[in-house]
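Report on one structure; see the data block that follows.
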Amino acid sequence: MTATEQSIDLARAAARAASDKLAQNVTAIDVSERLAITDLFFIASGATERQVNAIADGIEDELHKFDMRPVRREGRSSGRWVLLDYADIVFHIQHEEDRVFYALERLYGDCPVIDLQLAESDPSAKPAEAVEEADTEN
């Protein structure tokens with residue numbers, strides 16, 4: 001089983017919205033083989049609590065255009081790790097420090113990474129390997 005095309009398309013739209021809010025290290029991981037409850041984990045980070053919330057708002061606004069609303073939303077008040085559960089995609093928008101600490105990419109390192117088709121010049125399109133290297137440096 002792999003992620004559906006609809007999930008991948010929504011993740012790409014969300015990636016563009018996150019990039020517009022200056023999200024860093026935007027990535028999507030196909031977890032459908034390991035988790036029966038969702039297709040993708042979408043992970044992005046922000047430098048401040050305000051930016052984390054702005055990224056989450058941008059993603060919600062973008063997916064609202066597709067008549068999508070989260071089933072569950074957590075962490076908005078603290079702004080350190082906002083989780084938006086859209087059933088087929090679970091969005092993790094994390095403060096940079098929390099992202100390094102929890103290292104979701106490492107936990108799901110054996111899962112395929114989705115090409116979000118962000119421009120190579122886009123700073124949010126930092127490859128997953130670079131995130132892993134940053135994790136090991138800290």
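By order of appearance in the structure tokens: chains A, B, ..., then residues from 1 within every chain, and ligands from 1 in the order shown.
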
Next item on the list: Show which residues sit within 12 Å of Val113 (chain A), as a PyMOL selection string. Count only C-alpha atoms, and ignore same-chain residues fewer than 6 positions away.
Entry: chain A and resi 2-3+8+11+26-32+39-43+105-106+127-129

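Summary of the local environment: counting only C-alpha atoms, residues at most 9 Å from His92 (chain A), other than itself and those fewer than 6 positions away along its chain, are Phe41, Phe42, Ile43, Ala44, Ser45, Ala56, Trp81, Val82, Leu83, Leu84 and Asp85 of chain A.
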
Item checked: Pairwise distance for CA of Ala54 (chain A) and CA of Ala18 (chain A), rounded to one decimal in Å -> 8.6 Å

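Comparing A:Asp88, A:Asp67, A:Glu96, A:Glu62 by their smallest distance to Ala23 (chain A), the closest is A:Glu96 (using only C-alpha atoms).
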
Just asking: which residues within chain A are strand (DSSP E or B) according to DSSP, as a compact mmCIF listing (two decimals) with C-alpha atoms, in the first residue's frame?
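File part11.txt, as written:
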```txt
# COMPACT_ATOMS: atom_id res chain seq x y z
CA GLN A 24 12.08 25.30 6.90
CA ASN A 25 12.92 21.69 6.01
CA VAL A 26 9.53 20.83 4.56
CA THR A 27 9.20 17.12 3.93
CA ALA A 28 6.53 14.46 3.55
CA ILE A 29 7.00 10.81 4.42
CA ASP A 30 4.84 7.99 3.08
CA LEU A 40 1.57 10.73 4.99
CA PHE A 41 3.42 12.54 7.71
CA PHE A 42 4.11 16.10 6.63
CA ILE A 43 6.83 17.79 8.66
CA ALA A 44 7.90 21.43 8.62
CA SER A 45 9.61 23.67 11.10
CA GLY A 46 9.63 27.30 12.12
CA ARG A 72 -8.15 17.13 15.05
CA ARG A 73 -5.88 20.05 15.90
CA GLU A 74 -3.43 20.13 18.80
CA TRP A 81 4.46 21.59 17.89
CA VAL A 82 1.17 22.01 16.06
CA LEU A 83 -0.45 18.80 14.85
CA LEU A 84 -3.14 18.99 12.18
CA ASP A 85 -4.82 15.65 11.54
CA ILE A 89 -2.23 13.35 6.13
CA VAL A 90 -0.97 14.26 9.57
CA PHE A 91 0.84 17.61 9.62
CA HIS A 92 3.58 18.17 12.17
CA ILE A 93 4.67 21.80 12.31
CA GLN A 94 7.42 22.00 14.87
CA HIS A 95 9.69 24.58 16.40
CA VAL A 113 10.11 10.48 1.13
CA ILE A 114 7.61 12.20 -1.17
```
